[in-house]
file data_9.pdb (PDB, C-alpha atoms)
MODEL        1
ATOM      1  CA  MET C   1     -19.494  25.222  78.509
ATOM      2  CA  ASN C   2     -21.293  23.549  81.417
ATOM      3  CA  PRO C   3     -20.897  24.906  84.963
ATOM      4  CA  ILE C   4     -17.993  23.719  87.092
ATOM      5  CA  GLU C   5     -18.744  20.758  89.342
ATOM      6  CA  VAL C   6     -16.479  20.282  92.361
ATOM      7  CA  ILE C   7     -16.441  16.629  93.467
ATOM      8  CA  GLY C   8     -15.210  15.698  96.931
ATOM      9  CA  HIS C   9     -12.645  12.887  96.585
ATOM     10  CA  ARG C  10     -13.538  10.058  98.975
ATOM     11  CA  GLY C  11     -15.610  12.729 100.690
ATOM     12  CA  TYR C  12     -13.288  15.464 101.919
ATOM     13  CA  SER C  13     -10.181  13.341 102.256
ATOM     14  CA  ALA C  14      -7.864  16.192 103.223
ATOM     15  CA  ALA C  15     -10.018  17.044 106.242
ATOM     16  CA  ALA C  16     -11.434  13.706 107.450
ATOM     17  CA  PRO C  17     -10.750   9.968 107.091
ATOM     18  CA  GLU C  18     -11.504   8.954 103.515
ATOM     19  CA  ASN C  19     -14.610   6.984 102.569
ATOM     20  CA  THR C  20     -16.387   7.565 105.887
ATOM     21  CA  LEU C  21     -19.688   9.239 106.622
ATOM     22  CA  ILE C  22     -17.944  12.060 108.440
ATOM     23  CA  SER C  23     -15.788  12.673 105.361
ATOM     24  CA  LEU C  24     -18.894  12.893 103.192
ATOM     25  CA  GLU C  25     -20.457  15.322 105.669
ATOM     26  CA  ALA C  26     -17.288  17.426 105.619
ATOM     27  CA  ALA C  27     -17.430  17.671 101.827
ATOM     28  CA  LEU C  28     -21.006  18.918 101.965
ATOM     29  CA  ALA C  29     -20.161  21.417 104.695
ATOM     30  CA  ALA C  30     -17.307  22.766 102.546
ATOM     31  CA  GLY C  31     -19.658  23.422  99.653
ATOM     32  CA  ALA C  32     -19.231  20.396  97.394
ATOM     33  CA  ARG C  33     -22.352  19.579  95.425
ATOM     34  CA  ALA C  34     -20.972  16.203  94.341
ATOM     35  CA  VAL C  35     -18.965  13.447  96.022
ATOM     36  CA  GLU C  36     -16.893  10.478  94.912
ATOM     37  CA  PHE C  37     -16.225   7.373  96.974
ATOM     38  CA  ASP C  38     -14.892   3.848  96.477
ATOM     39  CA  LEU C  39     -16.823   0.589  96.633
ATOM     40  CA  HIS C  40     -15.719  -2.898  97.586
ATOM     41  CA  VAL C  41     -17.922  -5.882  98.410
ATOM     42  CA  ALA C  42     -17.721  -7.604 101.787
ATOM     43  CA  ARG C  43     -17.660 -11.386 102.122
ATOM     44  CA  CYS C  44     -21.383 -11.358 102.906
ATOM     45  CA  GLY C  45     -22.128  -9.558  99.625
ATOM     46  CA  THR C  46     -22.719  -6.086 101.105
ATOM     47  CA  PRO C  47     -21.158  -3.177  99.192
ATOM     48  CA  ILE C  48     -19.091  -0.925 101.452
ATOM     49  CA  LEU C  49     -17.079   2.279 101.136
ATOM     50  CA  PHE C  50     -13.375   1.453 101.051
ATOM     51  CA  HIS C  51     -10.432   2.105  98.749
ATOM     52  CA  ASP C  52      -7.725  -0.508  99.294
ATOM     53  CA  GLU C  53      -7.969  -4.261  98.892
ATOM     54  CA  ARG C  54      -6.443  -4.635 102.344
ATOM     55  CA  LEU C  55      -7.439  -3.092 105.664
ATOM     56  CA  GLU C  56      -4.114  -2.038 107.154
ATOM     57  CA  ARG C  57      -3.677   1.492 105.787
ATOM     58  CA  THR C  58      -6.949   3.016 106.983
ATOM     59  CA  THR C  59      -8.182   0.805 109.841
ATOM     60  CA  ASP C  60      -6.900  -0.992 112.930
ATOM     61  CA  GLY C  61      -7.638  -4.312 111.216
ATOM     62  CA  GLY C  62      -5.689  -6.489 108.821
ATOM     63  CA  GLY C  63      -6.188  -8.744 105.843
ATOM     64  CA  LEU C  64      -8.319  -8.565 102.731
ATOM     65  CA  VAL C  65     -11.545  -6.561 102.767
ATOM     66  CA  ALA C  66     -13.277  -9.241 100.693
ATOM     67  CA  GLU C  67     -12.647 -11.855 103.396
ATOM     68  CA  GLN C  68     -14.536  -9.908 106.085
ATOM     69  CA  THR C  69     -18.282  -9.666 106.649
ATOM     70  CA  LEU C  70     -19.999  -6.313 107.095
ATOM     71  CA  GLU C  71     -20.277  -6.974 110.817
ATOM     72  CA  GLN C  72     -16.550  -7.645 111.081
ATOM     73  CA  LEU C  73     -15.668  -4.593 108.997
ATOM     74  CA  GLN C  74     -17.880  -2.274 111.014
ATOM     75  CA  ALA C  75     -16.255  -3.405 114.255
ATOM     76  CA  LEU C  76     -13.001  -1.792 113.067
ATOM     77  CA  ASP C  77     -11.781   1.734 113.768
ATOM     78  CA  ALA C  78     -11.541   3.558 110.431
ATOM     79  CA  GLY C  79     -10.752   6.997 111.851
ATOM     80  CA  THR C  80      -7.794   6.961 114.247
ATOM     81  CA  TRP C  81      -5.242   6.433 111.449
ATOM     82  CA  PHE C  82      -6.156   9.930 110.241
ATOM     83  CA  SER C  83      -6.462  11.646 113.625
ATOM     84  CA  ALA C  84      -7.452  10.772 117.190
ATOM     85  CA  GLU C  85     -10.312  13.220 116.684
ATOM     86  CA  PHE C  86     -11.979  10.602 114.467
ATOM     87  CA  ALA C  87     -11.477   7.570 116.717
ATOM     88  CA  GLY C  88     -14.257   5.036 116.309
ATOM     89  CA  GLU C  89     -15.368   6.160 112.854
ATOM     90  CA  ARG C  90     -16.772   3.115 111.027
ATOM     91  CA  ILE C  91     -16.571   1.744 107.520
ATOM     92  CA  PRO C  92     -19.985   2.606 106.067
ATOM     93  CA  SER C  93     -22.124   0.431 103.856
ATOM     94  CA  PHE C  94     -23.129   1.800 100.460
ATOM     95  CA  VAL C  95     -26.734   2.018 101.607
ATOM     96  CA  GLU C  96     -25.733   4.087 104.640
ATOM     97  CA  ALA C  97     -23.896   6.501 102.368
ATOM     98  CA  LEU C  98     -26.856   6.772 100.002
ATOM     99  CA  GLU C  99     -29.205   7.442 102.909
ATOM    100  CA  LEU C 100     -26.899  10.192 104.177
ATOM    101  CA  LEU C 101     -26.524  11.864 100.785
ATOM    102  CA  ASP C 102     -30.021  11.453  99.328
ATOM    103  CA  GLY C 103     -31.401  14.881  98.470
ATOM    104  CA  ARG C 104     -28.259  16.702  99.656
ATOM    105  CA  VAL C 105     -25.991  16.535  96.600
ATOM    106  CA  ASP C 106     -26.444  17.044  92.898
ATOM    107  CA  HIS C 107     -24.312  14.092  91.871
ATOM    108  CA  LEU C 108     -22.780  10.884  93.203
ATOM    109  CA  TYR C 109     -19.725   9.161  91.749
ATOM    110  CA  PRO C 110     -19.386   5.658  93.232
ATOM    111  CA  GLU C 111     -16.168   4.068  91.986
ATOM    112  CA  VAL C 112     -16.516   0.306  91.630
ATOM    113  CA  LYS C 113     -13.148  -1.037  92.793
ATOM    114  CA  ARG C 114     -13.568  -4.786  93.346
ATOM    115  CA  PHE C 115     -16.471  -7.209  93.075
ATOM    116  CA  ARG C 116     -16.803 -10.974  93.159
ATOM    117  CA  ARG C 117     -19.340 -11.597  90.409
ATOM    118  CA  PRO C 118     -21.651  -9.593  88.097
ATOM    119  CA  GLU C 119     -24.479 -10.028  90.598
ATOM    120  CA  ASP C 120     -22.532  -7.829  93.024
ATOM    121  CA  VAL C 121     -22.609  -4.967  90.522
ATOM    122  CA  ALA C 122     -26.312  -5.551  89.931
ATOM    123  CA  HIS C 123     -26.870  -5.293  93.688
ATOM    124  CA  ILE C 124     -24.964  -1.998  93.764
ATOM    125  CA  VAL C 125     -26.999  -0.554  90.896
ATOM    126  CA  ARG C 126     -30.285  -1.672  92.449
ATOM    127  CA  ALA C 127     -29.428   0.211  95.641
ATOM    128  CA  VAL C 128     -29.290   3.415  93.590
ATOM    129  CA  ARG C 129     -32.408   2.578  91.597
ATOM    130  CA  ASP C 130     -34.412   1.747  94.716
ATOM    131  CA  ARG C 131     -33.719   5.257  96.050
ATOM    132  CA  ASN C 132     -34.598   6.969  92.771
ATOM    133  CA  LEU C 133     -31.047   8.274  92.426
ATOM    134  CA  LEU C 134     -30.236   7.017  88.916
ATOM    135  CA  GLU C 135     -30.254  10.465  87.316
ATOM    136  CA  HIS C 136     -27.969  11.774  90.062
ATOM    137  CA  THR C 137     -25.401   8.949  89.804
ATOM    138  CA  THR C 138     -22.445   8.199  87.554
ATOM    139  CA  PHE C 139     -20.669   4.919  88.255
ATOM    140  CA  ILE C 140     -16.964   5.199  87.488
ATOM    141  CA  SER C 141     -14.280   2.542  87.328
ATOM    142  CA  ILE C 142     -10.765   1.728  86.212
ATOM    143  CA  ASP C 143     -12.203  -1.738  85.472
ATOM    144  CA  TRP C 144     -14.255  -1.062  82.369
ATOM    145  CA  MET C 145     -15.813  -4.525  82.600
ATOM    146  CA  ALA C 146     -17.515  -3.290  85.759
ATOM    147  CA  LEU C 147     -19.061  -0.519  83.670
ATOM    148  CA  ASP C 148     -20.298  -3.130  81.179
ATOM    149  CA  HIS C 149     -22.051  -4.860  84.069
ATOM    150  CA  VAL C 150     -23.539  -1.553  85.233
ATOM    151  CA  ARG C 151     -24.891  -0.852  81.769
ATOM    152  CA  ALA C 152     -26.292  -4.371  81.417
ATOM    153  CA  GLU C 153     -28.191  -3.868  84.668
ATOM    154  CA  GLU C 154     -29.431  -0.339  84.015
ATOM    155  CA  PRO C 155     -29.549   1.676  80.762
ATOM    156  CA  ALA C 156     -30.533   4.922  82.497
ATOM    157  CA  VAL C 157     -27.569   5.530  84.807
ATOM    158  CA  GLY C 158     -24.356   7.374  84.030
ATOM    159  CA  ILE C 159     -21.013   5.625  83.623
ATOM    160  CA  GLY C 160     -17.506   7.077  83.584
ATOM    161  CA  PHE C 161     -14.381   5.532  82.075
ATOM    162  CA  ILE C 162     -11.399   6.243  84.304
ATOM    163  CA  VAL C 163      -8.252   6.875  82.274
ATOM    164  CA  VAL C 164      -5.001   6.409  84.181
ATOM    165  CA  SER C 165      -2.461   6.581  81.333
ATOM    166  CA  PRO C 166      -2.343   8.123  77.845
ATOM    167  CA  ASP C 167      -2.358   4.749  76.099
ATOM    168  CA  GLN C 168      -5.873   4.091  77.440
ATOM    169  CA  PHE C 169      -7.378   7.266  76.067
ATOM    170  CA  ALA C 170      -8.293   6.212  72.516
ATOM    171  CA  GLU C 171     -10.182   3.123  73.611
ATOM    172  CA  ALA C 172     -11.916   4.966  76.442
ATOM    173  CA  LEU C 173     -12.962   7.702  74.034
ATOM    174  CA  ALA C 174     -14.358   5.166  71.573
ATOM    175  CA  ARG C 175     -16.291   3.341  74.284
ATOM    176  CA  ALA C 176     -17.677   6.503  75.851
ATOM    177  CA  ALA C 177     -18.697   7.971  72.498
ATOM    178  CA  ARG C 178     -20.969   4.971  71.930
ATOM    179  CA  ASP C 179     -22.890   5.541  75.171
ATOM    180  CA  PRO C 180     -25.136   8.607  75.540
ATOM    181  CA  LEU C 181     -24.740   8.631  79.346
ATOM    182  CA  ALA C 182     -20.977   8.177  79.501
ATOM    183  CA  ILE C 183     -18.216  10.583  80.530
ATOM    184  CA  LEU C 184     -14.441  10.363  80.570
ATOM    185  CA  ASP C 185     -12.695  10.638  83.940
ATOM    186  CA  LEU C 186      -9.065  11.493  83.218
ATOM    187  CA  SER C 187      -6.064  11.563  85.493
ATOM    188  CA  HIS C 188      -5.207  15.247  85.778
ATOM    189  CA  GLU C 189      -1.637  14.343  84.824
ATOM    190  CA  VAL C 190      -2.835  12.878  81.526
ATOM    191  CA  ALA C 191      -4.977  15.928  80.809
ATOM    192  CA  LEU C 192      -2.296  18.439  81.755
ATOM    193  CA  ALA C 193       0.383  16.674  79.722
ATOM    194  CA  ASP C 194      -1.803  16.806  76.613
ATOM    195  CA  PRO C 195      -4.854  19.092  76.885
ATOM    196  CA  SER C 196      -5.822  18.109  73.335
ATOM    197  CA  VAL C 197      -7.274  14.865  74.715
ATOM    198  CA  VAL C 198      -9.873  16.959  76.551
ATOM    199  CA  GLU C 199     -10.614  18.871  73.364
ATOM    200  CA  ARG C 200     -11.010  15.609  71.434
ATOM    201  CA  ALA C 201     -13.479  14.307  74.002
ATOM    202  CA  CYS C 202     -15.459  17.546  73.961
ATOM    203  CA  ALA C 203     -15.563  17.375  70.160
ATOM    204  CA  GLU C 204     -17.325  14.018  70.545
ATOM    205  CA  GLY C 205     -19.911  15.665  72.796
ATOM    206  CA  LEU C 206     -18.516  14.107  75.967
ATOM    207  CA  GLU C 207     -18.144  15.763  79.348
ATOM    208  CA  VAL C 208     -14.759  15.352  80.968
ATOM    209  CA  ALA C 209     -13.920  14.945  84.638
ATOM    210  CA  THR C 210     -10.402  14.991  86.060
ATOM    211  CA  TRP C 211      -8.830  13.648  89.240
ATOM    212  CA  THR C 212      -7.270  14.555  91.598
ATOM    213  CA  VAL C 213      -7.052  18.333  91.103
ATOM    214  CA  ASN C 214      -5.880  20.223  94.203
ATOM    215  CA  ASP C 215      -4.134  23.217  92.615
ATOM    216  CA  PRO C 216      -6.350  26.088  91.370
ATOM    217  CA  GLU C 217      -3.773  27.035  88.720
ATOM    218  CA  GLU C 218      -3.918  23.526  87.274
ATOM    219  CA  ALA C 219      -7.699  23.643  87.516
ATOM    220  CA  THR C 220      -7.722  26.808  85.414
ATOM    221  CA  VAL C 221      -5.616  25.165  82.688
ATOM    222  CA  LEU C 222      -7.937  22.168  82.664
ATOM    223  CA  ARG C 223     -11.035  24.343  82.621
ATOM    224  CA  ASP C 224      -9.686  26.250  79.634
ATOM    225  CA  ALA C 225      -9.203  22.924  77.833
ATOM    226  CA  GLY C 226     -12.837  21.981  78.456
ATOM    227  CA  VAL C 227     -12.940  20.067  81.749
ATOM    228  CA  THR C 228     -16.171  20.670  83.687
ATOM    229  CA  ARG C 229     -15.925  18.216  86.600
ATOM    230  CA  PHE C 230     -13.098  18.372  89.130
ATOM    231  CA  THR C 231     -12.456  15.683  91.738
ATOM    232  CA  THR C 232     -10.402  17.079  94.607
ATOM    233  CA  ASP C 233      -8.999  16.302  98.043
ATOM    234  CA  GLN C 234      -9.009  20.044  98.778
ATOM    235  CA  VAL C 235     -12.716  20.800  98.625
ATOM    236  CA  ASP C 236     -12.519  24.263 100.241
ATOM    237  CA  ARG C 237      -9.777  25.336  97.857
ATOM    238  CA  LEU C 238     -11.518  24.155  94.679
ATOM    239  CA  VAL C 239     -14.935  25.477  95.745
ATOM    240  CA  SER C 240     -13.355  28.915  96.280
ATOM    241  CA  TRP C 241     -11.623  28.686  92.899
ATOM    242  CA  ALA C 242     -14.844  27.699  91.125
ATOM    243  CA  ARG C 243     -16.651  30.656  92.643
ATOM    244  CA  SER C 244     -13.840  33.026  91.661
ATOM    245  CA  VAL C 245     -14.042  32.016  87.994
ATOM    246  CA  GLY C 246     -17.809  32.128  87.894
ATOM    247  CA  GLY C 247     -18.349  28.379  87.993
TER
ENDMDL
END
call {"tool": "encode", "arguments": {"input": "data_9.pdb", "output": "structure tokens"}}
result
Amino acid sequence: MNPIEVIGHRGYSAAAPENTLISLEAALAAGARAVEFDLHVARCGTPILFHDERLERTTDGGGLVAEQTLEQLQALDAGTWFSAEFAGERIPSFVEALELLDGRVDHLYPEVKRFRRPEDVAHIVRAVRDRNLLEHTTFISIDWMALDHVRAEEPAVGIGFIVVSPDQFAEALARAARDPLAILDLSHEVALADPSVVERACAEGLEVATWTVNDPEEATVLRDAGVTRFTTDQVDRLVSWARSVGG
């Protein structure tokens, strides 16, 4: 079995405001060798790190992310909602995140959330290619069409099919099995409810990631089933667990 990979969810989202540069830094400081973050596309076409379609939950702004330019988005406070300690933290562009992480992590997992047209996905992939990070990147998405666009743009980058519910598993497995650089990224609830789905994926030669795993006991069950990649809010906790089990 491959070594355990601990993936910081939206950086280190239990310790810092999600999808910010300081959250990514916190994940690295806690020992994560991989990070996951979410991508939307601003009105001007610039990919940015953000989870929701709207701004209200994690900034002092309002409205749809896609209706704001990068300049407008970066004028917002994306830190105070989490803690006054992070007041003034900005929404980063994808390029800023890549520049921060280049050479400092083993693996990147950008999750493509929303895009306007296929050219937006091509732009995202080119940003990774231009920095020679293709072999260190796996693009993941709930929207499997986004992964089709990624693959059309670049045959040499990883893709990961996010599985939210059990009824999606069979199709995701079939799609991933046809692509030599694909993984499955399962909800930990799906994998815990039926560990045989992990075993079926492993039997097809696929690596399996799970999200969002914050409990070391659950991580052990998933590891025993064959999971090798663990996305977590609790980076410290899962890094300590991985070390304790020899991962």
call {"tool": "residues_near_point", "arguments": {"input": "data_9.pdb", "point": "(-24.8, -2.8, 94.8)", "cutoff": "7 Å", "atoms": "only C-alpha atoms", "output": "PyMOL selection string"}}
result
chain C and resi 47+120-127
call {"tool": "closest_atom_pairs", "arguments": {"input": "data_9.pdb", "of": "range 163-186 of chain C", "to": "range 230-245 of chain C", "cutoff": "12 Å", "atoms": "all atoms listed in the file", "output": "Markdown table"}}
result
| residue | atom | partner | partner_atom | distance |
| --- | --- | --- | --- | --- |
| C:Leu184 | CA | C:Phe230 | CA | 11.8 |
| C:Asp185 | CA | C:Thr231 | CA | 9.3 |
| C:Leu186 | CA | C:Phe230 | CA | 9.9 |
call {"tool": "resolve_selection", "arguments": {"input": "data_9.pdb", "expression": "the PyMOL selection byres ((chain C and resi 66) around 12)", "output": "CSV table (one decimal) with C-alpha atoms, in the coordinates of the input"}}
result
chain,number,residue,atom,x,y,z
C,39,LEU,CA,-16.8,0.6,96.6
C,40,HIS,CA,-15.7,-2.9,97.6
C,41,VAL,CA,-17.9,-5.9,98.4
C,42,ALA,CA,-17.7,-7.6,101.8
C,43,ARG,CA,-17.7,-11.4,102.1
C,44,CYS,CA,-21.4,-11.4,102.9
C,45,GLY,CA,-22.1,-9.6,99.6
C,46,THR,CA,-22.7,-6.1,101.1
C,47,PRO,CA,-21.2,-3.2,99.2
C,48,ILE,CA,-19.1,-0.9,101.5
C,50,PHE,CA,-13.4,1.5,101.1
C,51,HIS,CA,-10.4,2.1,98.7
C,52,ASP,CA,-7.7,-0.5,99.3
C,53,GLU,CA,-8.0,-4.3,98.9
C,54,ARG,CA,-6.4,-4.6,102.3
C,55,LEU,CA,-7.4,-3.1,105.7
C,62,GLY,CA,-5.7,-6.5,108.8
C,63,GLY,CA,-6.2,-8.7,105.8
C,64,LEU,CA,-8.3,-8.6,102.7
C,65,VAL,CA,-11.5,-6.6,102.8
C,67,GLU,CA,-12.6,-11.9,103.4
C,68,GLN,CA,-14.5,-9.9,106.1
C,69,THR,CA,-18.3,-9.7,106.6
C,70,LEU,CA,-20.0,-6.3,107.1
C,72,GLN,CA,-16.6,-7.6,111.1
C,73,LEU,CA,-15.7,-4.6,109.0
C,113,LYS,CA,-13.1,-1.0,92.8
C,114,ARG,CA,-13.6,-4.8,93.3
C,115,PHE,CA,-16.5,-7.2,93.1
C,116,ARG,CA,-16.8,-11.0,93.2
call {"tool": "atom_distance", "arguments": {"input": "data_9.pdb", "atom1": "CA of Pro195 in chain C", "atom2": "CA of Asn2 in chain C"}}
result
17.6 Å
call {"tool": "resolve_selection", "arguments": {"input": "data_9.pdb", "expression": "the PyMOL selection byres ((chain C and resi 103) around 12)", "output": "list in words"}}
result
Leu28, Arg33, Ala34, Ala97, Leu98, Glu99, Leu100, Leu101, Asp102, Arg104, Val105, Asp106, His107, Leu108, Arg131, Asn132, Leu133 and His136 of chain C
call {"tool": "residues_around", "arguments": {"input": "data_9.pdb", "residues": "Met1 in chain C", "least_positions_apart": "5", "cutoff": "12 Å", "atoms": "all atoms listed in the file", "output": "PyMOL selection string"}}
result
chain C and resi 202+205-208+223-229+246-247
call {"tool": "residues_around", "arguments": {"input": "data_9.pdb", "residues": "Leu222 in chain C", "least_positions_apart": "4", "cutoff": "12 Å", "atoms": "all atoms listed in the file", "output": "ChimeraX atom specification"}}
result
/C:4,186-199,208-218,226-230
call {"tool": "decode", "arguments": {"input": "data_9.pdb", "residues": "range 87-115 of chain C", "atoms": "N, CA and C atoms", "output": "PDB file, in the first residue's frame"}}
result
ATOM      1  N   ALA C  87      -7.799  39.719  10.409  1.00  0.00           N
ATOM      2  CA  ALA C  87      -8.403  40.871   9.730  1.00  0.00           C
ATOM      3  C   ALA C  87      -7.537  41.321   8.566  1.00  0.00           C
ATOM      4  N   GLY C  88      -8.173  41.568   7.435  1.00  0.00           N
ATOM      5  CA  GLY C  88      -7.458  42.057   6.264  1.00  0.00           C
ATOM      6  C   GLY C  88      -6.914  40.975   5.348  1.00  0.00           C
ATOM      7  N   GLU C  89      -7.075  39.716   5.727  1.00  0.00           N
ATOM      8  CA  GLU C  89      -6.618  38.635   4.845  1.00  0.00           C
ATOM      9  C   GLU C  89      -7.415  38.687   3.539  1.00  0.00           C
ATOM     10  N   ARG C  90      -6.723  38.528   2.410  1.00  0.00           N
ATOM     11  CA  ARG C  90      -7.359  38.706   1.099  1.00  0.00           C
ATOM     12  C   ARG C  90      -7.754  37.376   0.475  1.00  0.00           C
ATOM     13  N   ILE C  91      -8.626  37.468  -0.506  1.00  0.00           N
ATOM     14  CA  ILE C  91      -8.907  36.333  -1.389  1.00  0.00           C
ATOM     15  C   ILE C  91      -7.741  36.223  -2.366  1.00  0.00           C
ATOM     16  N   PRO C  92      -7.037  35.112  -2.396  1.00  0.00           N
ATOM     17  CA  PRO C  92      -5.889  35.008  -3.299  1.00  0.00           C
ATOM     18  C   PRO C  92      -6.291  34.554  -4.702  1.00  0.00           C
ATOM     19  N   SER C  93      -5.501  34.958  -5.670  1.00  0.00           N
ATOM     20  CA  SER C  93      -5.643  34.395  -7.008  1.00  0.00           C
ATOM     21  C   SER C  93      -4.988  33.015  -7.026  1.00  0.00           C
ATOM     22  N   PHE C  94      -5.355  32.213  -7.999  1.00  0.00           N
ATOM     23  CA  PHE C  94      -4.754  30.891  -8.171  1.00  0.00           C
ATOM     24  C   PHE C  94      -3.250  31.009  -8.377  1.00  0.00           C
ATOM     25  N   VAL C  95      -2.836  31.968  -9.162  1.00  0.00           N
ATOM     26  CA  VAL C  95      -1.407  32.149  -9.425  1.00  0.00           C
ATOM     27  C   VAL C  95      -0.663  32.482  -8.141  1.00  0.00           C
ATOM     28  N   GLU C  96      -1.240  33.320  -7.296  1.00  0.00           N
ATOM     29  CA  GLU C  96      -0.597  33.642  -6.020  1.00  0.00           C
ATOM     30  C   GLU C  96      -0.423  32.394  -5.166  1.00  0.00           C
ATOM     31  N   ALA C  97      -1.432  31.539  -5.155  1.00  0.00           N
ATOM     32  CA  ALA C  97      -1.332  30.298  -4.395  1.00  0.00           C
ATOM     33  C   ALA C  97      -0.249  29.385  -4.962  1.00  0.00           C
ATOM     34  N   LEU C  98      -0.205  29.271  -6.280  1.00  0.00           N
ATOM     35  CA  LEU C  98       0.826  28.430  -6.900  1.00  0.00           C
ATOM     36  C   LEU C  98       2.220  28.953  -6.588  1.00  0.00           C
ATOM     37  N   GLU C  99       2.387  30.264  -6.631  1.00  0.00           N
ATOM     38  CA  GLU C  99       3.695  30.853  -6.340  1.00  0.00           C
ATOM     39  C   GLU C  99       4.100  30.587  -4.894  1.00  0.00           C
ATOM     40  N   LEU C 100       3.141  30.626  -3.982  1.00  0.00           N
ATOM     41  CA  LEU C 100       3.423  30.351  -2.577  1.00  0.00           C
ATOM     42  C   LEU C 100       3.824  28.894  -2.362  1.00  0.00           C
ATOM     43  N   LEU C 101       3.159  27.981  -3.050  1.00  0.00           N
ATOM     44  CA  LEU C 101       3.314  26.558  -2.782  1.00  0.00           C
ATOM     45  C   LEU C 101       4.384  25.880  -3.619  1.00  0.00           C
ATOM     46  N   ASP C 102       4.801  26.481  -4.701  1.00  0.00           N
ATOM     47  CA  ASP C 102       5.746  25.866  -5.633  1.00  0.00           C
ATOM     48  C   ASP C 102       7.012  25.418  -4.906  1.00  0.00           C
ATOM     49  N   GLY C 103       7.301  24.127  -4.986  1.00  0.00           N
ATOM     50  CA  GLY C 103       8.495  23.577  -4.369  1.00  0.00           C
ATOM     51  C   GLY C 103       8.366  23.281  -2.888  1.00  0.00           C
ATOM     52  N   ARG C 104       7.190  23.537  -2.302  1.00  0.00           N
ATOM     53  CA  ARG C 104       7.031  23.376  -0.845  1.00  0.00           C
ATOM     54  C   ARG C 104       6.073  22.263  -0.467  1.00  0.00           C
ATOM     55  N   VAL C 105       5.370  21.696  -1.435  1.00  0.00           N
ATOM     56  CA  VAL C 105       4.459  20.584  -1.165  1.00  0.00           C
ATOM     57  C   VAL C 105       4.693  19.487  -2.201  1.00  0.00           C
ATOM     58  N   ASP C 106       4.277  18.288  -1.840  1.00  0.00           N
ATOM     59  CA  ASP C 106       4.386  17.183  -2.778  1.00  0.00           C
ATOM     60  C   ASP C 106       3.233  17.173  -3.771  1.00  0.00           C
ATOM     61  N   HIS C 107       2.058  17.671  -3.324  1.00  0.00           N
ATOM     62  CA  HIS C 107       0.890  17.531  -4.181  1.00  0.00           C
ATOM     63  C   HIS C 107      -0.109  18.654  -3.934  1.00  0.00           C
ATOM     64  N   LEU C 108      -0.736  19.088  -5.012  1.00  0.00           N
ATOM     65  CA  LEU C 108      -1.782  20.105  -4.988  1.00  0.00           C
ATOM     66  C   LEU C 108      -3.082  19.481  -5.486  1.00  0.00           C
ATOM     67  N   TYR C 109      -4.179  19.852  -4.830  1.00  0.00           N
ATOM     68  CA  TYR C 109      -5.501  19.382  -5.230  1.00  0.00           C
ATOM     69  C   TYR C 109      -6.422  20.577  -5.420  1.00  0.00           C
ATOM     70  N   PRO C 110      -6.341  21.271  -6.552  1.00  0.00           N
ATOM     71  CA  PRO C 110      -7.297  22.356  -6.815  1.00  0.00           C
ATOM     72  C   PRO C 110      -8.662  21.752  -7.176  1.00  0.00           C
ATOM     73  N   GLU C 111      -9.694  22.190  -6.467  1.00  0.00           N
ATOM     74  CA  GLU C 111     -11.045  21.730  -6.780  1.00  0.00           C
ATOM     75  C   GLU C 111     -11.738  22.773  -7.640  1.00  0.00           C
ATOM     76  N   VAL C 112     -12.072  22.404  -8.853  1.00  0.00           N
ATOM     77  CA  VAL C 112     -12.754  23.315  -9.774  1.00  0.00           C
ATOM     78  C   VAL C 112     -14.226  23.348  -9.385  1.00  0.00           C
ATOM     79  N   LYS C 113     -14.668  24.496  -8.846  1.00  0.00           N
ATOM     80  CA  LYS C 113     -16.035  24.633  -8.362  1.00  0.00           C
ATOM     81  C   LYS C 113     -16.963  25.170  -9.447  1.00  0.00           C
ATOM     82  N   ARG C 114     -16.656  26.363  -9.954  1.00  0.00           N
ATOM     83  CA  ARG C 114     -17.502  27.004 -10.962  1.00  0.00           C
ATOM     84  C   ARG C 114     -16.617  27.663 -12.018  1.00  0.00           C
ATOM     85  N   PHE C 115     -17.072  27.592 -13.264  1.00  0.00           N
ATOM     86  CA  PHE C 115     -16.370  28.268 -14.353  1.00  0.00           C
ATOM     87  C   PHE C 115     -17.412  28.705 -15.369  1.00  0.00           C
TER      88      PHE C 115
END
